[in-house]
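Some notes on the structure that comes next.
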Amino acid sequence: MFKIVKKQALNPTVTRMVIEAPMVARKAQAGQFIILRVNEDGERIPLTIAGYDRELGTVDIIFQIVGGTTMELNAKNEGEYIQDFVGPLGKPTDIEGKKKVAVVGGGVGCAIAYPVAKALHDAGAEVHSFVGFRCKDLVILEDEFKACSDKLFMMTDDGTYGRKGVVTVPLEEAIVAGENYDEVIAIGPVIMMKFVCLTTKKYGVKTVVSMNPIMIDGTGMCGGCRLTVGGETKFACVDGPDFDGHLVDFDEAMKRGAMYRDFEAHKREETCNLLKKEAE
(Lines give C-alpha, C1' and ligand atoms only; values in the text may rest on other atoms or scores of the structure.)
Protein backbone atom coordinates (compact mmCIF):
# COMPACT_ATOMS: atom_id res chain seq x y z
CA MET A 1 0.00 0.00 0.00
CA PHE A 2 1.20 3.50 -0.83
CA LYS A 3 0.29 6.56 1.22
CA ILE A 4 -1.07 9.78 -0.29
CA VAL A 5 1.08 12.43 1.38
CA LYS A 6 -0.42 15.46 -0.36
CA LYS A 7 -3.38 16.20 -2.63
CA GLN A 8 -3.85 19.44 -4.56
CA ALA A 9 -6.43 20.51 -7.14
CA LEU A 10 -4.57 22.29 -9.96
CA ASN A 11 -7.79 23.16 -11.78
CA PRO A 12 -11.36 21.79 -11.76
CA THR A 13 -10.36 18.66 -13.70
CA VAL A 14 -6.68 18.10 -12.83
CA THR A 15 -5.24 16.91 -9.52
CA ARG A 16 -1.68 16.58 -8.20
CA MET A 17 -0.87 13.88 -5.64
CA VAL A 18 2.36 13.21 -3.80
CA ILE A 19 2.77 9.50 -3.10
CA GLU A 20 5.07 7.91 -0.54
CA ALA A 21 7.06 5.46 -2.70
CA PRO A 22 10.76 5.51 -1.73
CA MET A 23 11.90 2.71 -4.04
CA VAL A 24 10.32 4.41 -7.05
CA ALA A 25 11.66 7.83 -6.04
CA ARG A 26 15.18 6.41 -5.74
CA LYS A 27 15.36 5.51 -9.44
CA ALA A 28 12.86 7.88 -11.11
CA GLN A 29 13.94 10.11 -13.99
CA ALA A 30 12.14 12.67 -16.16
CA GLY A 31 10.02 11.07 -18.88
CA GLN A 32 9.34 7.80 -17.04
CA PHE A 33 5.98 6.61 -15.72
CA ILE A 34 4.36 4.41 -13.11
CA ILE A 35 1.38 2.06 -13.21
CA LEU A 36 -1.04 2.17 -10.30
CA ARG A 37 -4.17 0.50 -8.99
CA VAL A 38 -6.44 2.41 -6.65
CA ASN A 39 -7.74 -0.74 -4.97
CA GLU A 40 -7.31 -4.50 -5.14
CA ASP A 41 -10.00 -4.95 -7.79
CA GLY A 42 -9.06 -1.82 -9.70
CA GLU A 43 -7.92 -1.13 -13.22
CA ARG A 44 -4.21 -0.65 -13.95
CA ILE A 45 -3.48 2.80 -15.40
CA PRO A 46 -0.20 4.48 -16.40
CA LEU A 47 0.65 7.96 -15.13
CA THR A 48 3.78 9.92 -15.91
CA ILE A 49 6.10 10.80 -13.05
CA ALA A 50 5.59 14.55 -12.63
CA GLY A 51 8.30 14.96 -10.00
CA TYR A 52 10.12 13.18 -7.21
CA ASP A 53 12.05 13.78 -4.01
CA ARG A 54 14.68 11.15 -3.38
CA GLU A 55 15.35 12.32 0.20
CA LEU A 56 11.69 12.27 1.23
CA GLY A 57 10.98 9.16 -0.85
CA THR A 58 8.01 10.68 -2.62
CA VAL A 59 6.77 10.74 -6.21
CA ASP A 60 4.43 13.32 -7.76
CA ILE A 61 1.65 12.33 -10.15
CA ILE A 62 -0.70 14.68 -11.97
CA PHE A 63 -3.85 13.30 -13.56
CA GLN A 64 -6.96 14.49 -15.35
CA ILE A 65 -10.28 13.27 -13.97
CA VAL A 66 -11.68 11.73 -17.14
CA GLY A 67 -12.57 8.11 -16.47
CA GLY A 68 -13.73 5.73 -13.78
CA THR A 69 -10.30 5.01 -12.32
CA THR A 70 -9.19 8.63 -12.15
CA MET A 71 -12.51 9.45 -10.46
CA GLU A 72 -11.81 6.74 -7.87
CA LEU A 73 -8.27 8.03 -7.40
CA ASN A 74 -9.47 11.61 -6.98
CA ALA A 75 -11.94 10.46 -4.32
CA LYS A 76 -8.97 9.48 -2.13
CA ASN A 77 -7.69 12.01 0.40
CA GLU A 78 -4.41 12.81 2.12
CA GLY A 79 -3.45 10.10 4.57
CA GLU A 80 -5.28 7.38 2.64
CA TYR A 81 -3.62 4.66 0.57
CA ILE A 82 -3.66 3.27 -2.94
CA GLN A 83 -3.10 -0.41 -3.66
CA ASP A 84 -0.23 -0.49 -6.19
CA PHE A 85 2.35 2.00 -7.43
CA VAL A 86 4.84 0.29 -9.75
CA GLY A 87 7.83 1.89 -11.45
CA PRO A 88 9.73 3.65 -12.70
CA LEU A 89 8.84 2.25 -16.12
CA GLY A 90 9.83 3.25 -19.64
CA LYS A 91 12.98 4.93 -20.85
CA PRO A 92 13.86 8.34 -19.40
CA THR A 93 13.99 11.35 -21.72
CA ASP A 94 17.45 11.87 -23.20
CA ILE A 95 18.69 15.24 -21.94
CA GLU A 96 22.44 14.83 -22.31
CA GLY A 97 24.46 17.20 -24.49
CA LYS A 98 21.62 19.52 -25.50
CA LYS A 99 22.32 23.27 -25.44
CA LYS A 100 18.99 24.73 -26.57
CA VAL A 101 15.67 22.89 -26.52
CA ALA A 102 12.05 23.82 -27.19
CA VAL A 103 9.62 22.01 -24.89
CA VAL A 104 6.03 22.03 -26.12
CA GLY A 105 3.21 21.06 -23.77
CA GLY A 106 -0.53 20.87 -24.33
CA GLY A 107 -3.21 20.67 -21.63
CA VAL A 108 -2.58 18.03 -18.98
CA GLY A 109 0.42 16.95 -21.07
CA CYS A 110 2.17 19.91 -19.43
CA ALA A 111 2.42 17.71 -16.34
CA ILE A 112 4.78 15.54 -18.39
CA ALA A 113 6.49 18.41 -20.18
CA TYR A 114 7.37 20.25 -16.96
CA PRO A 115 9.73 17.65 -15.40
CA VAL A 116 11.44 17.32 -18.79
CA ALA A 117 11.90 21.09 -19.02
CA LYS A 118 13.22 21.17 -15.45
CA ALA A 119 15.66 18.32 -16.07
CA LEU A 120 17.01 20.09 -19.16
CA HIS A 121 17.29 23.38 -17.24
CA ASP A 122 19.09 21.65 -14.36
CA ALA A 123 21.50 20.10 -16.87
CA GLY A 124 22.43 23.57 -18.15
CA ALA A 125 20.39 23.72 -21.36
CA GLU A 126 18.61 26.84 -22.57
CA VAL A 127 14.91 25.97 -22.41
CA HIS A 128 12.12 27.64 -24.36
CA SER A 129 8.72 26.40 -23.24
CA PHE A 130 5.59 26.63 -25.39
CA VAL A 131 2.49 25.65 -23.42
CA GLY A 132 -1.14 25.69 -24.49
CA PHE A 133 -4.53 25.26 -22.83
CA ARG A 134 -8.16 25.60 -23.89
CA CYS A 135 -8.78 28.53 -21.53
CA LYS A 136 -7.45 30.40 -18.49
CA ASP A 137 -9.31 28.19 -15.99
CA LEU A 138 -7.38 25.12 -17.18
CA VAL A 139 -3.86 26.57 -16.91
CA ILE A 140 -1.55 24.50 -14.69
CA LEU A 141 2.10 24.71 -13.57
CA GLU A 142 2.69 28.23 -14.87
CA ASP A 143 5.03 29.21 -12.02
CA GLU A 144 6.93 25.95 -12.34
CA PHE A 145 7.49 26.51 -16.06
CA LYS A 146 8.61 30.09 -15.43
CA ALA A 147 11.22 28.86 -12.97
CA CYS A 148 12.87 26.47 -15.43
CA SER A 149 12.37 28.28 -18.76
CA ASP A 150 14.57 30.95 -20.33
CA LYS A 151 11.54 31.88 -22.45
CA LEU A 152 7.91 30.95 -21.82
CA PHE A 153 5.14 31.24 -24.42
CA MET A 154 1.67 30.85 -22.92
CA MET A 155 -1.22 30.13 -25.33
CA THR A 156 -4.96 29.60 -24.89
CA ASP A 157 -7.45 28.56 -27.56
CA ASP A 158 -9.91 31.29 -26.61
CA GLY A 159 -7.45 34.02 -25.71
CA THR A 160 -8.55 34.28 -22.06
CA TYR A 161 -4.91 34.06 -20.94
CA GLY A 162 -1.59 34.65 -22.63
CA ARG A 163 -1.82 34.77 -26.40
CA LYS A 164 -4.75 33.43 -28.39
CA GLY A 165 -3.92 30.50 -30.65
CA VAL A 166 -2.14 27.18 -30.76
CA VAL A 167 1.41 26.33 -29.70
CA THR A 168 2.66 25.72 -33.24
CA VAL A 169 2.32 29.43 -34.06
CA PRO A 170 4.95 30.82 -31.64
CA LEU A 171 7.09 27.73 -32.16
CA GLU A 172 7.26 28.30 -35.92
CA GLU A 173 7.83 32.02 -35.38
CA ALA A 174 10.81 31.23 -33.14
CA ILE A 175 12.31 28.81 -35.66
CA VAL A 176 11.86 31.29 -38.54
CA ALA A 177 13.40 34.05 -36.38
CA GLY A 178 16.58 32.01 -36.11
CA GLU A 179 16.26 30.04 -32.87
CA ASN A 180 18.50 27.07 -33.53
CA TYR A 181 17.02 24.29 -31.39
CA ASP A 182 18.98 21.09 -30.93
CA GLU A 183 15.64 19.40 -30.39
CA VAL A 184 11.94 20.03 -29.95
CA ILE A 185 10.17 17.87 -27.37
CA ALA A 186 6.36 17.79 -27.71
CA ILE A 187 4.03 16.30 -25.11
CA GLY A 188 0.25 16.52 -25.10
CA PRO A 189 -2.79 15.49 -27.15
CA VAL A 190 -1.87 13.30 -30.11
CA ILE A 191 -3.34 15.78 -32.58
CA MET A 192 -1.18 18.55 -31.10
CA MET A 193 1.98 16.44 -31.34
CA LYS A 194 1.13 15.61 -34.93
CA PHE A 195 0.95 19.26 -35.94
CA VAL A 196 4.08 20.16 -34.00
CA CYS A 197 5.89 17.50 -36.01
CA LEU A 198 4.42 18.71 -39.30
CA THR A 199 5.70 22.19 -38.39
CA THR A 200 9.22 21.18 -37.40
CA LYS A 201 9.65 18.77 -40.28
CA LYS A 202 9.51 21.70 -42.72
CA TYR A 203 12.63 23.11 -41.09
CA GLY A 204 14.47 19.87 -40.43
CA VAL A 205 14.35 20.24 -36.64
CA LYS A 206 14.65 16.98 -34.71
CA THR A 207 11.44 16.39 -32.76
CA VAL A 208 10.72 13.91 -29.98
CA VAL A 209 7.18 13.08 -28.80
CA SER A 210 5.97 11.27 -25.69
CA MET A 211 3.30 8.70 -26.53
CA ASN A 212 0.75 7.50 -23.99
CA PRO A 213 -1.57 4.95 -25.64
CA ILE A 214 -3.77 2.37 -23.90
CA MET A 215 -1.50 0.37 -21.59
CA ILE A 216 -2.10 -2.60 -19.28
CA ASP A 217 1.00 -4.29 -17.89
CA GLY A 218 3.75 -1.80 -18.73
CA THR A 219 6.29 -4.51 -19.56
CA GLY A 220 5.62 -5.12 -23.27
CA MET A 221 3.73 -8.38 -22.78
CA CYS A 222 0.15 -7.30 -23.52
CA GLY A 223 0.83 -5.40 -26.75
CA GLY A 224 -1.92 -2.89 -26.00
CA CYS A 225 0.38 0.12 -26.33
CA ARG A 226 1.71 -0.72 -29.78
CA LEU A 227 2.50 2.04 -32.22
CA THR A 228 3.85 2.22 -35.75
CA VAL A 229 7.11 4.14 -35.84
CA GLY A 230 9.06 4.30 -39.07
CA GLY A 231 6.98 1.44 -40.44
CA GLU A 232 7.87 -0.83 -37.50
CA THR A 233 5.75 -1.89 -34.51
CA LYS A 234 6.97 -0.42 -31.24
CA PHE A 235 5.63 -0.67 -27.69
CA ALA A 236 5.35 2.61 -25.80
CA CYS A 237 5.93 1.00 -22.42
CA VAL A 238 9.37 -0.49 -23.17
CA ASP A 239 10.56 1.15 -26.40
CA GLY A 240 9.34 4.59 -25.28
CA PRO A 241 7.42 6.56 -24.28
CA ASP A 242 9.67 8.92 -26.30
CA PHE A 243 9.90 8.46 -30.07
CA ASP A 244 11.11 10.34 -33.14
CA GLY A 245 7.99 12.34 -33.93
CA HIS A 246 8.72 12.49 -37.64
CA LEU A 247 8.40 8.69 -37.80
CA VAL A 248 5.25 8.14 -35.69
CA ASP A 249 2.01 7.17 -37.46
CA PHE A 250 -0.21 9.64 -35.57
CA ASP A 251 -3.36 8.85 -37.56
CA GLU A 252 -3.18 5.20 -36.56
CA ALA A 253 -2.50 6.17 -32.93
CA MET A 254 -5.55 8.46 -32.87
CA LYS A 255 -7.75 5.79 -34.43
CA ARG A 256 -6.69 3.19 -31.87
CA GLY A 257 -7.10 5.67 -29.02
CA ALA A 258 -10.71 6.33 -30.01
CA MET A 259 -11.70 2.64 -29.90
CA TYR A 260 -12.48 2.65 -26.18
CA ARG A 261 -14.28 5.98 -25.80
CA ASP A 262 -17.74 4.44 -25.41
CA PHE A 263 -16.44 2.00 -22.79
CA GLU A 264 -14.69 4.81 -20.91
CA ALA A 265 -17.86 6.92 -20.92
CA HIS A 266 -19.87 3.99 -19.52
CA LYS A 267 -17.27 3.30 -16.83
CA ARG A 268 -17.16 6.98 -15.87
CA GLU A 269 -20.94 7.08 -15.42
CA GLU A 270 -20.90 3.82 -13.46
CA THR A 271 -18.17 5.06 -11.11
CA CYS A 272 -19.88 8.43 -10.67
CA ASN A 273 -23.08 6.72 -9.55
CA LEU A 274 -21.15 4.42 -7.19
CA LEU A 275 -19.31 7.33 -5.56
CA LYS A 276 -22.59 9.20 -5.10
CA LYS A 277 -24.11 6.21 -3.31
CA GLU A 278 -21.05 5.87 -1.05
CA ALA A 279 -21.31 9.56 -0.16
CA GLU A 280 -25.00 9.32 0.80
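Each chain in the C-alpha coordinates gets a letter, A, B and so on, in the order shown; residues start at 1 in every chain, and ligands are counted from 1 in the order they appear.
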
As a count of residues only, please: every residue in region 13-246 of chain A that a backbone DSSP assignment puts in strand (DSSP E or B).
79

What are the closest atom pairs, with distances in Å to one decimal, for each residue of region 135-240 of chain A lying within 12 Å of region 26-31 of chain A, using only C-alpha atoms, rows by chain and rising residue number, as JSON lines?
```
{"residue": "A:Ile185", "atom": "CA", "partner": "A:Gly31", "partner_atom": "CA", "distance": 10.9}
{"residue": "A:Ala186", "atom": "CA", "partner": "A:Gly31", "partner_atom": "CA", "distance": 11.7}
{"residue": "A:Ile187", "atom": "CA", "partner": "A:Gly31", "partner_atom": "CA", "distance": 10.1}
{"residue": "A:Val208", "atom": "CA", "partner": "A:Gly31", "partner_atom": "CA", "distance": 11.5}
{"residue": "A:Val209", "atom": "CA", "partner": "A:Gly31", "partner_atom": "CA", "distance": 10.5}
{"residue": "A:Ser210", "atom": "CA", "partner": "A:Gly31", "partner_atom": "CA", "distance": 7.9}
{"residue": "A:Met211", "atom": "CA", "partner": "A:Gly31", "partner_atom": "CA", "distance": 10.5}
{"residue": "A:Asn212", "atom": "CA", "partner": "A:Gly31", "partner_atom": "CA", "distance": 11.2}
{"residue": "A:Ala236", "atom": "CA", "partner": "A:Gly31", "partner_atom": "CA", "distance": 11.9}
{"residue": "A:Cys237", "atom": "CA", "partner": "A:Gly31", "partner_atom": "CA", "distance": 11.4}
{"residue": "A:Gly240", "atom": "CA", "partner": "A:Gly31", "partner_atom": "CA", "distance": 9.1}
```

Shortest interatomic distance to Lys100 (chain A) - which of A:Asp242, A:Glu252, A:Glu183, A:Asp41, counting only C-alpha atoms
A:Glu183

Between A:Ala111, A:Leu36, A:Phe243, A:Gly67, which one has atoms that come closest to Ile49 (chain A), using only C-alpha atoms?
A:Ala111

If DSSP is run on the backbone, what residues of region 117-264 of chain A are alpha helix (DSSP H)? A reply as a VMD selection string would be ideal.
chain A and resid 117 to 122 142 to 148 168 to 176 190 to 201 236 to 239 250 to 257 261 to 264

Interatomic distance between CA of Ile175 (chain A) and CA of Asp122 (chain A)?
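Separating CA of Ile175 (chain A) from CA of Asp122 (chain A) is a distance of 23.5 Å.
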